[in-house]
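Down below is the structure, laid out as C-alpha cells.
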Amino acid sequence: MLKRRLDWLLQNRILQHLLFWVCHVVFYAVLYGSFADTYKQNFIEELEYLPVKIIFTYFTLYFLLPRYLLPGKYGLFFMWLVPSSFLAGIVQRYVAFNFDYPYYYPEALNDPFFYFAKIVKMVASIYPVTFFAVAIKLLKYWYANQQAQQVLTKEKLEAELKFLKTQIHPHFLFNTLNNLYALTLKKSDKAPDTVLKLSELINYMLYECTSEHVLLTKELKFIHNYIHIEKMRHGDKLDIDVRVNGEVNDRKIAPLILLPFVENSFKHGANEELQHAWVKISVDIQPTVTVIKVENNKAALNGVARKPGIGIQNVRRRLDLLYPGLHELKIINGEETFLVILTIQQ
C-alpha cells in the first residue's frame with residue numbers, strides 16, 4: 001500500500017509542484033519568522049510574493065530553459081533573463097508597495113517606487129527558488145539523458161551480439177556442410193549419422209542459444225557433436241582428446257563461445273592434410289574460474305604468418321562485450337602447434 005502511494009506521488013506532477021511551493025512557503029516563513037517570532041507575518045508575506053515567484057520560475061523552466069539554455073544559446077538566454085528578472089522585480093515592488101508595506105513597514109513607503117536598489121533586492125529574493133527549481137529540472141534532464149544513453153548502449157550491444165552470432169552460424173554451417181559433402185562424395189555410410197548430428201547442432205543454435213548464457217553441459221554437448229562430425233570425416237588420421245575437470249553441472253557460459261576455437265583447431269590441423277593430426281581440448285572448472293584450452297598440431301608456417309580468421313575476431317569481440325574485465329584470452333601460434341587458453345571469471 002505504501003509503495004503504491006509513493007509511486008502515485010512520484011507520477012503525479014501537479015501534486016509534486018504543489019508540494020514544492022508549499023515547502024518553499026513554509027521553509028522561508030519559519031526561517032525569517034524565527035528571528036523575531038513573527039511567523040504569521042512572514043507566512044502572509046511569503047503568500048503575497050508567491051504568485052510572481054511562481055510565474056517567473058515557470059517562465060524560466062518552460063520557456064528560457066528548453067529554448068535557449070539547453071540548446072547552448074547562452075547569449076539569448078541572458079538577453080531574456082535579465083529584462084524578465086527586472087520586470088519581475090518591478091511587479092514584486094508593486095506588491096510590496098500595495099500589500100506588504102502599508103501593514104508591516106509603513107516607513108518604507110517614503111522611498112520612491114522606482115528605487116533601483118530595492119528592485120534589485122526584490123529580484124534577488126526571487127532567484128533562490130527559481131534557481132533551485134532549475135537545478136531540479138536540469139538534474140531530471142541529466143538523469144533522463146543518462147537512462148536513454150544506457151538504453152541505447154544496451155540496445156547497440158545486443159544488436160552487435162546478434163550480428164556476431166549471425167556471422168558465426170553461416171560460417172560454421174558452411175564448414176560443416178563441406179564436411180558432409182565430402183562424405184557423400186565418398187558414398188560413406190557415415191553420411192546419415194552426420195546429417196543427424198548436424199540437425200542437433202542446428203537445433204541448438206536456433207532454439208537454445210537465444211539467452212545470454214547457457215549451461216556449460218549443453219555447450220560441451222554441442223562441441224562433442226561437432227567433433228563427432230569431424231571424426232567421421234577424417235577417420236583414424238585424427239586423434240581427439242577431450243577432458244573435463246571439476247563440477248560442470250551448474251556452470252554457465254556464453255553460447256557458441258568455444259566453437260570458433262574448436263573450428264580453428266581442425267582448420268589448421270586435420271584439414272591441412274597432416275599425416276597425423278591431433279586436437280586436445282580441456283575444460284577445467286574451478287570455484288570462481290573456468291579455464292578452457294584448445295590445442296592442435298599444424299603444418300609449419302614456412303615463414304608465412306596466418307591472419308586470424310573471422311571466427312577468432314568475432315569471438316574476441318563477443319568476449320569483450322559479454323565478459324568485460326572478466327576474461328583473459330591467450331593465443332600462442334607456434335611453429336607446429338596452435339594453443340588457445342581462455343580464462344573466464346564466474
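Within each chain, counting starts at residue 1; across the C-alpha cells, chains are named A, B, ... in the order shown, with ligands numbered 1 upward in that order.
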Write out as an NGL selection string all residues of stretch 36-253 of chain A that DSSP puts in strand (DSSP E) for this structure's backbone.
:A and (214-215 or 238-245 or 252-253)
Could you save the residues just selected, with all heavy atoms, as an mmCIF file, in the first residue's frame?
data_model
loop_
_atom_site.group_PDB
_atom_site.id
_atom_site.type_symbol
_atom_site.label_atom_id
_atom_site.label_comp_id
_atom_site.auth_asym_id
_atom_site.auth_seq_id
_atom_site.Cartn_x
_atom_site.Cartn_y
_atom_site.Cartn_z
ATOM 1 N N VAL A 214 24.237 -20.075 -21.390
ATOM 2 C CA VAL A 214 23.643 -21.411 -21.376
ATOM 3 C C VAL A 214 24.457 -22.288 -20.436
ATOM 4 O O VAL A 214 25.571 -21.930 -20.036
ATOM 5 C CB VAL A 214 23.636 -22.031 -22.791
ATOM 6 C CG1 VAL A 214 22.760 -21.225 -23.731
ATOM 7 C CG2 VAL A 214 25.059 -22.147 -23.331
ATOM 8 N N LEU A 215 23.885 -23.419 -20.085
ATOM 9 C CA LEU A 215 24.627 -24.356 -19.247
ATOM 10 C C LEU A 215 25.845 -24.878 -19.999
ATOM 11 O O LEU A 215 25.778 -25.183 -21.203
ATOM 12 C CB LEU A 215 23.731 -25.527 -18.833
ATOM 13 C CG LEU A 215 22.639 -25.209 -17.807
ATOM 14 C CD1 LEU A 215 21.709 -26.411 -17.642
ATOM 15 C CD2 LEU A 215 23.249 -24.817 -16.461
ATOM 16 N N LEU A 238 42.955 -38.758 -37.345
ATOM 17 C CA LEU A 238 42.727 -37.660 -36.414
ATOM 18 C C LEU A 238 42.537 -38.200 -35.000
ATOM 19 O O LEU A 238 41.682 -39.048 -34.757
ATOM 20 C CB LEU A 238 41.488 -36.856 -36.834
ATOM 21 C CG LEU A 238 41.035 -35.737 -35.888
ATOM 22 C CD1 LEU A 238 42.105 -34.659 -35.769
ATOM 23 C CD2 LEU A 238 39.726 -35.126 -36.383
ATOM 24 N N ASP A 239 43.351 -37.735 -34.071
ATOM 25 C CA ASP A 239 43.201 -38.073 -32.652
ATOM 26 C C ASP A 239 42.632 -36.862 -31.914
ATOM 27 O O ASP A 239 43.159 -35.749 -32.049
ATOM 28 C CB ASP A 239 44.556 -38.433 -32.035
ATOM 29 C CG ASP A 239 45.024 -39.810 -32.476
ATOM 30 O OD1 ASP A 239 44.169 -40.611 -32.891
ATOM 31 O OD2 ASP A 239 46.244 -40.072 -32.425
ATOM 32 N N ILE A 240 41.577 -37.108 -31.145
ATOM 33 C CA ILE A 240 40.951 -36.021 -30.383
ATOM 34 C C ILE A 240 40.875 -36.436 -28.927
ATOM 35 O O ILE A 240 40.406 -37.523 -28.594
ATOM 36 C CB ILE A 240 39.531 -35.703 -30.905
ATOM 37 C CG1 ILE A 240 39.594 -35.299 -32.379
ATOM 38 C CG2 ILE A 240 38.908 -34.578 -30.095
ATOM 39 C CD1 ILE A 240 38.243 -35.039 -33.001
ATOM 40 N N ASP A 241 41.346 -35.546 -28.065
ATOM 41 C CA ASP A 241 41.337 -35.799 -26.626
ATOM 42 C C ASP A 241 40.569 -34.669 -25.944
ATOM 43 O O ASP A 241 40.987 -33.511 -25.982
ATOM 44 C CB ASP A 241 42.777 -35.861 -26.105
ATOM 45 C CG ASP A 241 42.823 -36.176 -24.605
ATOM 46 O OD1 ASP A 241 41.825 -36.698 -24.078
ATOM 47 O OD2 ASP A 241 43.862 -35.862 -23.971
ATOM 48 N N VAL A 242 39.416 -35.008 -25.349
ATOM 49 C CA VAL A 242 38.585 -34.018 -24.658
ATOM 50 C C VAL A 242 38.521 -34.394 -23.191
ATOM 51 O O VAL A 242 38.107 -35.509 -22.834
ATOM 52 C CB VAL A 242 37.159 -33.959 -25.256
ATOM 53 C CG1 VAL A 242 36.324 -32.920 -24.509
ATOM 54 C CG2 VAL A 242 37.219 -33.642 -26.741
ATOM 55 N N ARG A 243 38.912 -33.462 -22.329
ATOM 56 C CA ARG A 243 38.905 -33.723 -20.893
ATOM 57 C C ARG A 243 38.184 -32.592 -20.163
ATOM 58 O O ARG A 243 38.410 -31.418 -20.457
ATOM 59 C CB ARG A 243 40.327 -33.851 -20.361
ATOM 60 C CG ARG A 243 41.107 -35.008 -20.977
ATOM 61 C CD ARG A 243 42.470 -35.154 -20.350
ATOM 62 N NE ARG A 243 43.234 -36.244 -20.985
ATOM 63 C CZ ARG A 243 44.438 -36.628 -20.597
ATOM 64 N NH1 ARG A 243 45.041 -36.001 -19.578
ATOM 65 N NH2 ARG A 243 45.057 -37.616 -21.225
ATOM 66 N N VAL A 244 37.342 -32.974 -19.218
ATOM 67 C CA VAL A 244 36.604 -32.005 -18.399
ATOM 68 C C VAL A 244 36.900 -32.315 -16.945
ATOM 69 O O VAL A 244 36.644 -33.437 -16.472
ATOM 70 C CB VAL A 244 35.084 -32.083 -18.668
ATOM 71 C CG1 VAL A 244 34.346 -31.086 -17.788
ATOM 72 C CG2 VAL A 244 34.784 -31.822 -20.142
ATOM 73 N N ASN A 245 37.434 -31.327 -16.245
ATOM 74 C CA ASN A 245 37.785 -31.492 -14.828
ATOM 75 C C ASN A 245 36.936 -30.559 -13.973
ATOM 76 O O ASN A 245 36.790 -29.370 -14.297
ATOM 77 C CB ASN A 245 39.273 -31.180 -14.601
ATOM 78 C CG ASN A 245 40.182 -32.056 -15.440
ATOM 79 O OD1 ASN A 245 40.009 -33.263 -15.502
ATOM 80 N ND2 ASN A 245 41.144 -31.435 -16.113
ATOM 81 N N LYS A 252 27.685 -21.962 -16.112
ATOM 82 C CA LYS A 252 27.136 -21.403 -17.342
ATOM 83 C C LYS A 252 28.217 -20.690 -18.134
ATOM 84 O O LYS A 252 29.240 -20.285 -17.599
ATOM 85 C CB LYS A 252 25.987 -20.432 -17.033
ATOM 86 C CG LYS A 252 24.726 -21.115 -16.517
ATOM 87 C CD LYS A 252 23.564 -20.144 -16.424
ATOM 88 C CE LYS A 252 22.284 -20.857 -16.010
ATOM 89 N NZ LYS A 252 21.133 -19.935 -15.979
ATOM 90 N N ILE A 253 27.927 -20.501 -19.442
ATOM 91 C CA ILE A 253 28.887 -19.864 -20.337
ATOM 92 C C ILE A 253 28.120 -19.237 -21.495
ATOM 93 O O ILE A 253 26.973 -19.624 -21.776
ATOM 94 C CB ILE A 253 29.924 -20.889 -20.848
ATOM 95 C CG1 ILE A 253 31.138 -20.182 -21.454
ATOM 96 C CG2 ILE A 253 29.283 -21.835 -21.855
ATOM 97 C CD1 ILE A 253 32.288 -21.124 -21.743
#
If we count only C-alpha atoms and set the cut-off at 10 Å, which residues sit around stretch 336-344 of chain A, ignoring sequence neighbours fewer than 5 positions away in its own chain? Please answer as a tab-separated table (two decimals) with C-alpha atoms, in the first residue's frame.
chain	number	residue	atom	x	y	z
A	253	ILE	CA	28.89	-19.86	-20.34
A	258	LEU	CA	34.06	-22.20	-27.84
A	261	PHE	CA	38.47	-22.15	-31.31
A	262	VAL	CA	37.46	-25.75	-31.98
A	264	ASN	CA	40.11	-23.29	-35.92
A	265	SER	CA	41.86	-26.34	-34.45
A	268	HIS	CA	44.74	-25.54	-39.24
A	269	GLY	CA	45.23	-29.15	-38.18
A	278	TRP	CA	45.63	-34.25	-33.13
A	279	VAL	CA	43.41	-31.89	-31.15
A	280	LYS	CA	43.39	-31.57	-27.37
A	281	ILE	CA	40.53	-29.83	-25.58
A	282	SER	CA	40.45	-29.38	-21.81
A	283	VAL	CA	37.90	-27.64	-19.62
A	284	ASP	CA	38.94	-27.00	-16.04
A	285	ILE	CA	36.09	-25.84	-13.77
A	288	THR	CA	35.39	-18.96	-9.47
A	289	VAL	CA	37.17	-19.55	-12.77
A	290	THR	CA	36.68	-21.64	-15.90
A	291	VAL	CA	39.84	-22.36	-17.90
A	292	ILE	CA	39.47	-23.70	-21.43
A	293	LYS	CA	42.40	-24.88	-23.55
A	294	VAL	CA	42.27	-25.88	-27.19
A	295	GLU	CA	45.49	-27.09	-28.79
A	296	ASN	CA	46.28	-28.69	-32.13
A	297	ASN	CA	49.24	-29.52	-34.30
A	298	LYS	CA	49.59	-27.88	-37.69
A	299	ALA	CA	51.80	-27.63	-40.73
A	300	ALA	CA	54.90	-25.47	-40.50
A	301	LEU	CA	54.36	-21.80	-41.32
A	319	LEU	CA	34.19	-11.84	-25.05
A	323	TYR	CA	32.85	-10.62	-20.07
A	325	GLY	CA	37.28	-7.26	-17.45
A	326	LEU	CA	36.36	-10.83	-16.52
A	327	HIS	CA	38.27	-12.84	-19.09
A	328	GLU	CA	41.73	-13.43	-20.49
A	329	LEU	CA	42.40	-14.85	-23.94
A	330	LYS	CA	45.84	-16.10	-24.92
A	331	ILE	CA	46.61	-17.37	-28.42
Hey, can you check how far atom CA of A:Asn249 sits from atom CA of A:Asn225?
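Computed distance, atom CA of A:Asn249 to atom CA of A:Asn225, equals 18.6 Å.
Across the model, the gap from atom CA of A:Asp250 to atom CA of A:Phe266 is 28.9 Å.
Excluding A:Ile90 and any residue on its chain fewer than 3 positions from it, the residues at most 8 Å away by only C-alpha atoms are Phe86, Leu87, Arg93, Tyr94, Phe114, Ile119 and Met122 of chain A.
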Could you dump the residues just selected with C-alpha atoms as a short mmCIF file (atom, residue, chain, number, x, y, z; two decimals), in the first residue's frame?
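Done, and the output landed in out09.cif:
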data_model
loop_
_atom_site.label_atom_id
_atom_site.label_comp_id
_atom_site.auth_asym_id
_atom_site.auth_seq_id
_atom_site.Cartn_x
_atom_site.Cartn_y
_atom_site.Cartn_z
CA PHE A 86 13.93 43.22 -13.77
CA LEU A 87 10.25 43.13 -14.77
CA ARG A 93 7.93 46.09 -5.78
CA TYR A 94 4.30 46.84 -6.68
CA PHE A 114 11.27 53.07 -8.83
CA ILE A 119 14.05 46.48 -7.20
CA MET A 122 13.29 42.07 -4.99
#
For A:Tyr141, find every residue with an atom within 12 Å (counting only C-alpha atoms), except residues of its own chain fewer than 5 positions away, and show them as a compact mmCIF listing (two decimals) with all heavy atoms, in the first residue's frame.
# COMPACT_ATOMS: atom_id res chain seq x y z
N LEU A 61 11.62 27.89 -16.43
CA LEU A 61 11.68 26.44 -16.62
C LEU A 61 11.19 26.00 -17.99
O LEU A 61 11.80 25.14 -18.64
CB LEU A 61 10.84 25.73 -15.55
CG LEU A 61 11.43 25.64 -14.14
CD1 LEU A 61 10.44 24.96 -13.22
CD2 LEU A 61 12.74 24.89 -14.14
N LEU A 65 14.63 27.83 -20.40
CA LEU A 65 15.48 26.64 -20.27
C LEU A 65 15.49 25.77 -21.54
O LEU A 65 16.56 25.53 -22.10
CB LEU A 65 15.04 25.82 -19.05
CG LEU A 65 15.95 24.67 -18.63
CD1 LEU A 65 17.28 25.20 -18.15
CD2 LEU A 65 15.29 23.84 -17.54
N PRO A 66 14.32 25.32 -22.03
CA PRO A 66 14.37 24.44 -23.21
C PRO A 66 14.69 25.17 -24.51
O PRO A 66 15.25 24.59 -25.43
CB PRO A 66 12.95 23.86 -23.26
CG PRO A 66 12.10 24.87 -22.56
CD PRO A 66 12.96 25.48 -21.50
N LEU A 70 19.35 24.95 -22.72
CA LEU A 70 19.71 23.58 -23.09
C LEU A 70 20.32 23.48 -24.49
O LEU A 70 21.27 22.71 -24.69
CB LEU A 70 18.49 22.67 -22.97
CG LEU A 70 17.99 22.42 -21.54
CD1 LEU A 70 16.75 21.55 -21.55
CD2 LEU A 70 19.07 21.78 -20.68
N VAL A 134 15.26 25.21 -11.24
CA VAL A 134 16.03 24.95 -12.46
C VAL A 134 17.03 23.82 -12.23
O VAL A 134 17.23 22.97 -13.09
CB VAL A 134 16.75 26.23 -12.93
CG1 VAL A 134 17.78 25.91 -14.01
CG2 VAL A 134 15.75 27.25 -13.45
N ALA A 135 17.66 23.83 -11.05
CA ALA A 135 18.62 22.77 -10.72
C ALA A 135 17.93 21.40 -10.71
O ALA A 135 18.48 20.41 -11.23
CB ALA A 135 19.27 23.04 -9.37
N ILE A 136 16.74 21.33 -10.17
CA ILE A 136 15.98 20.08 -10.16
C ILE A 136 15.65 19.65 -11.59
O ILE A 136 15.79 18.48 -11.96
CB ILE A 136 14.69 20.23 -9.34
CG1 ILE A 136 15.02 20.45 -7.86
CG2 ILE A 136 13.79 19.00 -9.50
CD1 ILE A 136 13.81 20.71 -6.99
N GLN A 146 20.85 10.17 -19.21
CA GLN A 146 21.68 9.02 -18.84
C GLN A 146 20.94 7.72 -19.04
O GLN A 146 21.51 6.74 -19.55
CB GLN A 146 22.13 9.14 -17.37
CG GLN A 146 23.14 10.24 -17.10
CD GLN A 146 24.46 9.96 -17.78
OE1 GLN A 146 24.83 10.60 -18.76
NE2 GLN A 146 25.19 9.00 -17.27
N GLN A 147 19.66 7.69 -18.65
CA GLN A 147 18.86 6.48 -18.84
C GLN A 147 18.72 6.16 -20.32
O GLN A 147 18.81 4.99 -20.73
CB GLN A 147 17.47 6.67 -18.22
CG GLN A 147 17.48 6.77 -16.69
CD GLN A 147 17.95 5.47 -16.05
OE1 GLN A 147 19.08 5.39 -15.58
NE2 GLN A 147 17.08 4.48 -16.00
N ALA A 148 18.47 7.21 -21.13
CA ALA A 148 18.32 6.99 -22.57
C ALA A 148 19.63 6.48 -23.17
O ALA A 148 19.61 5.59 -24.03
CB ALA A 148 17.89 8.29 -23.25
Distance query A:Phe20 at most 10 Å, only C-alpha atoms, self and fewer than 6 positions along chain excluded, as a ChimeraX atom specification:
/A:14,129,133
